[in-house]
Each structure stands twice: as C-alpha cells, then as structure tokens.
>>> print(open('structure.txt').read())   # compact mmCIF, C-alpha atoms
# COMPACT_ATOMS: atom_id res chain seq x y z
CA MET A 1 0.00 0.00 0.00
CA LEU A 2 2.98 2.29 0.49
CA ALA A 3 3.66 1.86 -3.22
CA GLU A 4 0.25 3.49 -3.83
CA ARG A 5 1.04 6.52 -1.67
CA ALA A 6 3.10 7.50 1.36
CA MET A 7 1.29 6.72 4.63
CA HIS A 8 1.96 6.51 8.34
CA GLY A 9 1.08 3.52 10.50
CA TYR A 10 -2.39 4.62 11.50
CA GLU A 11 -3.27 5.49 7.88
CA LEU A 12 -2.14 1.99 6.85
CA TRP A 13 -4.30 0.43 9.56
CA ALA A 14 -7.32 2.54 8.59
CA GLU A 15 -6.91 1.67 4.91
CA LEU A 16 -6.60 -2.04 5.73
CA GLN A 17 -9.82 -1.77 7.73
CA ARG A 18 -11.53 0.06 4.86
CA ARG A 19 -10.43 -2.66 2.46
CA GLU A 20 -11.66 -5.27 4.94
CA VAL A 21 -8.36 -7.12 4.96
CA GLN A 22 -9.59 -9.30 7.83
CA GLU A 23 -11.52 -11.28 5.22
CA TRP A 24 -8.28 -12.69 3.79
CA ALA A 25 -5.46 -11.95 6.23
CA SER A 26 -4.89 -11.63 9.94
CA ILE A 27 -3.06 -8.34 10.58
CA SER A 28 -3.08 -6.48 13.88
CA LYS A 29 -2.31 -2.82 14.52
CA PRO A 30 0.92 -3.70 16.43
CA GLN A 31 2.03 -5.80 13.44
CA ILE A 32 1.75 -2.70 11.25
CA TYR A 33 4.16 -0.72 13.43
CA TYR A 34 6.48 -3.72 13.88
CA SER A 35 6.58 -4.25 10.12
CA LEU A 36 7.25 -0.56 9.43
CA LYS A 37 10.19 -0.66 11.85
CA LYS A 38 11.58 -3.83 10.23
CA LEU A 39 11.15 -2.42 6.72
CA GLU A 40 12.84 0.84 7.70
CA THR A 41 15.72 -1.02 9.38
CA ALA A 42 16.17 -3.08 6.21
CA ALA A 43 16.13 0.16 4.15
CA HIS A 44 13.06 -1.01 2.19
CA ILE A 45 11.09 2.10 3.22
CA GLU A 46 12.08 5.63 4.12
CA PRO A 47 10.34 8.60 5.65
CA ALA A 48 8.42 10.58 3.06
CA SER A 49 8.96 14.32 2.89
CA ARG A 50 5.39 15.16 3.90
CA GLY A 51 4.27 15.26 7.51
CA ASP A 52 5.10 17.22 10.60
CA PRO A 53 8.13 15.75 12.44
CA SER A 54 6.85 17.25 15.70
CA LEU A 55 3.99 14.72 15.62
CA GLY A 56 6.48 11.95 16.45
CA PRO A 57 7.60 8.71 14.79
CA GLU A 58 4.13 7.13 14.91
CA ARG A 59 2.95 9.86 12.51
CA ARG A 60 5.93 9.58 10.16
CA ALA A 61 4.75 8.80 6.65
CA TYR A 62 6.77 6.22 4.73
CA ARG A 63 7.36 5.40 1.10
CA PRO A 64 9.23 2.51 -0.51
CA THR A 65 12.88 2.86 -1.44
CA PRO A 66 14.15 1.53 -4.78
CA SER A 67 15.58 -1.51 -2.95
CA GLY A 68 12.19 -1.95 -1.26
CA ARG A 69 10.42 -1.99 -4.61
CA ARG A 70 12.95 -4.57 -5.88
CA ALA A 71 12.49 -6.71 -2.75
CA LEU A 72 8.71 -6.63 -3.23
CA ALA A 73 9.02 -7.56 -6.90
CA ASP A 74 11.40 -10.42 -5.99
CA ALA A 75 9.04 -11.68 -3.28
CA LEU A 76 6.09 -11.59 -5.69
CA ALA A 77 8.07 -13.73 -8.16
CA ARG A 78 8.36 -16.67 -5.72
CA ALA A 79 6.66 -19.85 -6.91
CA GLU A 80 4.78 -20.58 -3.68
CA TRP A 81 2.35 -17.73 -4.37
CA ALA A 82 0.89 -19.80 -7.21
CA THR A 83 1.51 -23.34 -5.99
CA ARG A 84 0.69 -23.45 -2.27
CA ASP A 85 -2.75 -24.38 -0.94
CA VAL A 86 -3.90 -23.67 2.59
CA PRO A 87 -6.45 -26.23 3.79
CA GLN A 88 -9.69 -24.90 5.23
CA PRO A 89 -10.88 -26.29 8.57
CA PHE A 90 -14.14 -27.31 6.91
CA THR A 91 -12.26 -29.52 4.45
CA THR A 92 -10.56 -31.29 7.36
CA TRP A 93 -13.95 -31.67 9.09
CA MET A 94 -15.46 -33.12 5.92
CA VAL A 95 -12.75 -35.78 5.70
CA LEU A 96 -13.47 -36.78 9.31
CA SER A 97 -17.24 -36.36 9.10
CA TRP A 98 -17.91 -40.05 8.45
CA GLN A 99 -17.54 -40.38 12.24
CA ALA A 100 -20.17 -37.73 13.00
CA ARG A 101 -23.73 -38.49 14.06
CA PRO A 102 -26.14 -38.03 11.12
CA ARG A 103 -28.00 -35.13 12.81
CA ASP A 104 -24.68 -33.40 13.58
CA PHE A 105 -23.51 -33.96 10.02
CA ALA A 106 -26.69 -32.38 8.65
CA ALA A 107 -26.41 -29.47 11.10
CA GLN A 108 -22.81 -28.79 10.08
CA ILE A 109 -23.67 -28.88 6.38
CA ALA A 110 -26.54 -26.43 7.00
CA ARG A 111 -24.26 -24.23 9.11
CA ARG A 112 -21.62 -24.22 6.35
CA ARG A 113 -24.25 -23.38 3.75
CA ARG A 114 -25.40 -20.35 5.78
CA HIS A 115 -21.78 -19.28 6.22
CA VAL A 116 -21.07 -19.54 2.48
CA LEU A 117 -24.27 -17.63 1.66
CA ASP A 118 -23.17 -14.86 4.05
CA LYS A 119 -19.72 -14.76 2.44
CA LEU A 120 -21.32 -14.66 -1.01
CA ALA A 121 -23.50 -11.70 -0.03
CA PHE A 122 -20.44 -9.93 1.40
CA GLU A 123 -18.42 -10.54 -1.80
CA LEU A 124 -21.25 -9.33 -4.04
CA ALA A 125 -21.47 -6.08 -2.06
CA ALA A 126 -17.68 -5.76 -2.10
CA LEU A 127 -17.61 -6.23 -5.88
CA GLU A 128 -20.15 -3.46 -6.34
CA SER A 129 -18.08 -1.14 -4.16
CA ILE A 130 -14.78 -2.05 -5.85
CA VAL A 131 -16.20 -1.52 -9.35
CA ALA A 132 -17.56 1.88 -8.30
CA GLU A 133 -14.14 2.84 -6.90
CA THR A 134 -11.93 1.33 -9.62
CA SER A 135 -13.24 -0.42 -12.73
CA PRO A 136 -14.99 -3.68 -13.67
CA SER A 137 -11.67 -5.10 -14.89
CA SER A 138 -9.47 -4.05 -11.95
CA ASP A 139 -7.35 -6.72 -10.28
CA ALA A 140 -9.39 -6.35 -7.09
CA ALA A 141 -12.66 -6.87 -8.99
CA MET A 142 -11.24 -9.96 -10.68
CA VAL A 143 -10.18 -11.46 -7.32
CA VAL A 144 -13.61 -10.83 -5.83
CA ARG A 145 -15.25 -12.43 -8.88
CA LEU A 146 -13.08 -15.50 -8.26
CA ALA A 147 -14.26 -15.63 -4.62
CA ILE A 148 -17.87 -15.30 -5.79
CA ARG A 149 -17.48 -18.21 -8.21
CA GLN A 150 -15.80 -20.32 -5.54
CA HIS A 151 -18.71 -19.67 -3.17
CA GLU A 152 -21.21 -20.54 -5.90
CA VAL A 153 -19.39 -23.80 -6.64
CA GLU A 154 -19.25 -24.68 -2.94
CA LEU A 155 -22.98 -24.02 -2.56
CA SER A 156 -23.70 -26.40 -5.43
CA TRP A 157 -21.36 -28.99 -3.92
CA LEU A 158 -23.03 -28.61 -0.49
CA ASP A 159 -26.38 -29.30 -2.16
CA ASP A 160 -24.90 -32.53 -3.57
CA VAL A 161 -23.47 -33.50 -0.17
CA ALA A 162 -26.77 -32.80 1.61
CA ALA A 163 -28.75 -34.81 -0.96
CA ARG A 164 -26.73 -38.01 -0.72
CA GLN A 165 -27.71 -40.87 1.51
CA ARG A 166 -25.34 -41.34 4.44
CA PRO A 167 -25.12 -44.55 6.41
CA GLY A 168 -26.35 -44.40 10.00
>>> encode(input="structure.txt", output="structure tokens")
Amino acid sequence: MLAERAMHGYELWAELQRREVQEWASISKPQIYYSLKKLETAAHIEPASRGDPSLGPERRAYRPTPSGRRALADALARAEWATRDVPQPFTTWMVLSWQARPRDFAAQIARRRRHVLDKLAFELAALESIVAETSPSSDAAMVVRLAIRQHEVELSWLDDVAARQRPG
C-alpha cells in the first residue's frame, strides 16, 4: 500500500480496515508498526517528505525505497504464491465427518451453507463497491469475482453432499 502513496502507520491500519483485509489476512495494529520498523531497518522504506516531524515517529509517513520496490518484486516472483494451498478447517472436518452423528452432520452442512451464503452476499457487495471505486476489470474486482465463483461452486457442492444418503 505504500507503493500506492506514502502513509503513516495509522493510515495503513485505517486503509486495511476500509479494504476489509480481515476477510483474507490476519493483521493487527501492532504488526503494522512492527513491520514498518523492520522495513525501515532493512532500508526497504524511508520517511516521506510530507508530515510534521513534531507529531512523532508514529505519525511519520513512509514510502518505498528503490531496494524496497525490488524486494517486493522479488518476493512476488516466488513460486509458492501460485503453488501453495492452505487447507480450510471445513475440508478437514469433511474428511473426518464419516464419524459424525447423522444429525450433527446435517447441522454442520446447513451451518456451512449459511456461512457460504453470508460470504457470497459480502463478496457481491464488495464487488459493487470495488467496481464503483476502480473499474470492472481491476485486479481487485477480478479477485472478488473468483471468490464469488468459488462460493457458488461450494454451494452447489453442499447441495450434492446434503442430498446423498449417508449410512447411520
């Protein structure tokens, strides 16, 4: 986000909240300040010229250095971004669900369906907001469309799971 514009820690936190980062990453306010300190120590960011130094270091706006931009580009070129899968807890539950009582199995499937429907509604609203702020073909809009399709596929799959006959 510092590549978009110079910001201080609180601005970064506020922008992450506005972008609802908690939907895809776990980032705390202290992590923001810790990361800024690490990035500055590594010379990947530097204080930007704007801002009032009398406001203290917590209000110092930062921007990326040329080495910081290179480090980001190098990190984004790593293969694991495209080849690593993180298992969802529900997938693990599904593999173990053959041991669940039938009523508990049905309740969990219904609970998951409600959860996915809530996520789908959230993503549809987010897409509308992103398109209004950027464009229909922005990277952010494309990522949200992927999430929407994944939710739609999971809903169809949950219907198939719920319809099958389970022993017990």
>>> atom_distance(input="structure.txt", atom1="CA of Trp93 (chain A)", atom2="CA of Gln165 (chain A)")
18.2 Å
>>> closest_residue(input="structure.txt", among="A:Lys29, A:Glu15, A:Ala48, A:Tyr62", to="Leu2 (chain A)", atoms="all atoms listed in the file")
A:Tyr62
>>> closest_residue(input="structure.txt", among="A:Val116, A:Met1, A:Ala126, A:Ala100", to="Gln150 (chain A)", atoms="only C-alpha atoms")
A:Val116
>>> closest_residue(input="structure.txt", among="A:Ile109, A:Ala71, A:Ala25, A:Ala3", to="Asp159 (chain A)", atoms="all atoms listed in the file")
A:Ile109
>>> closest_residue(input="structure.txt", among="A:Ala162, A:Leu12, A:Ala77, A:Leu39", to="Gln108 (chain A)", atoms="all atoms listed in the file")
A:Ala162
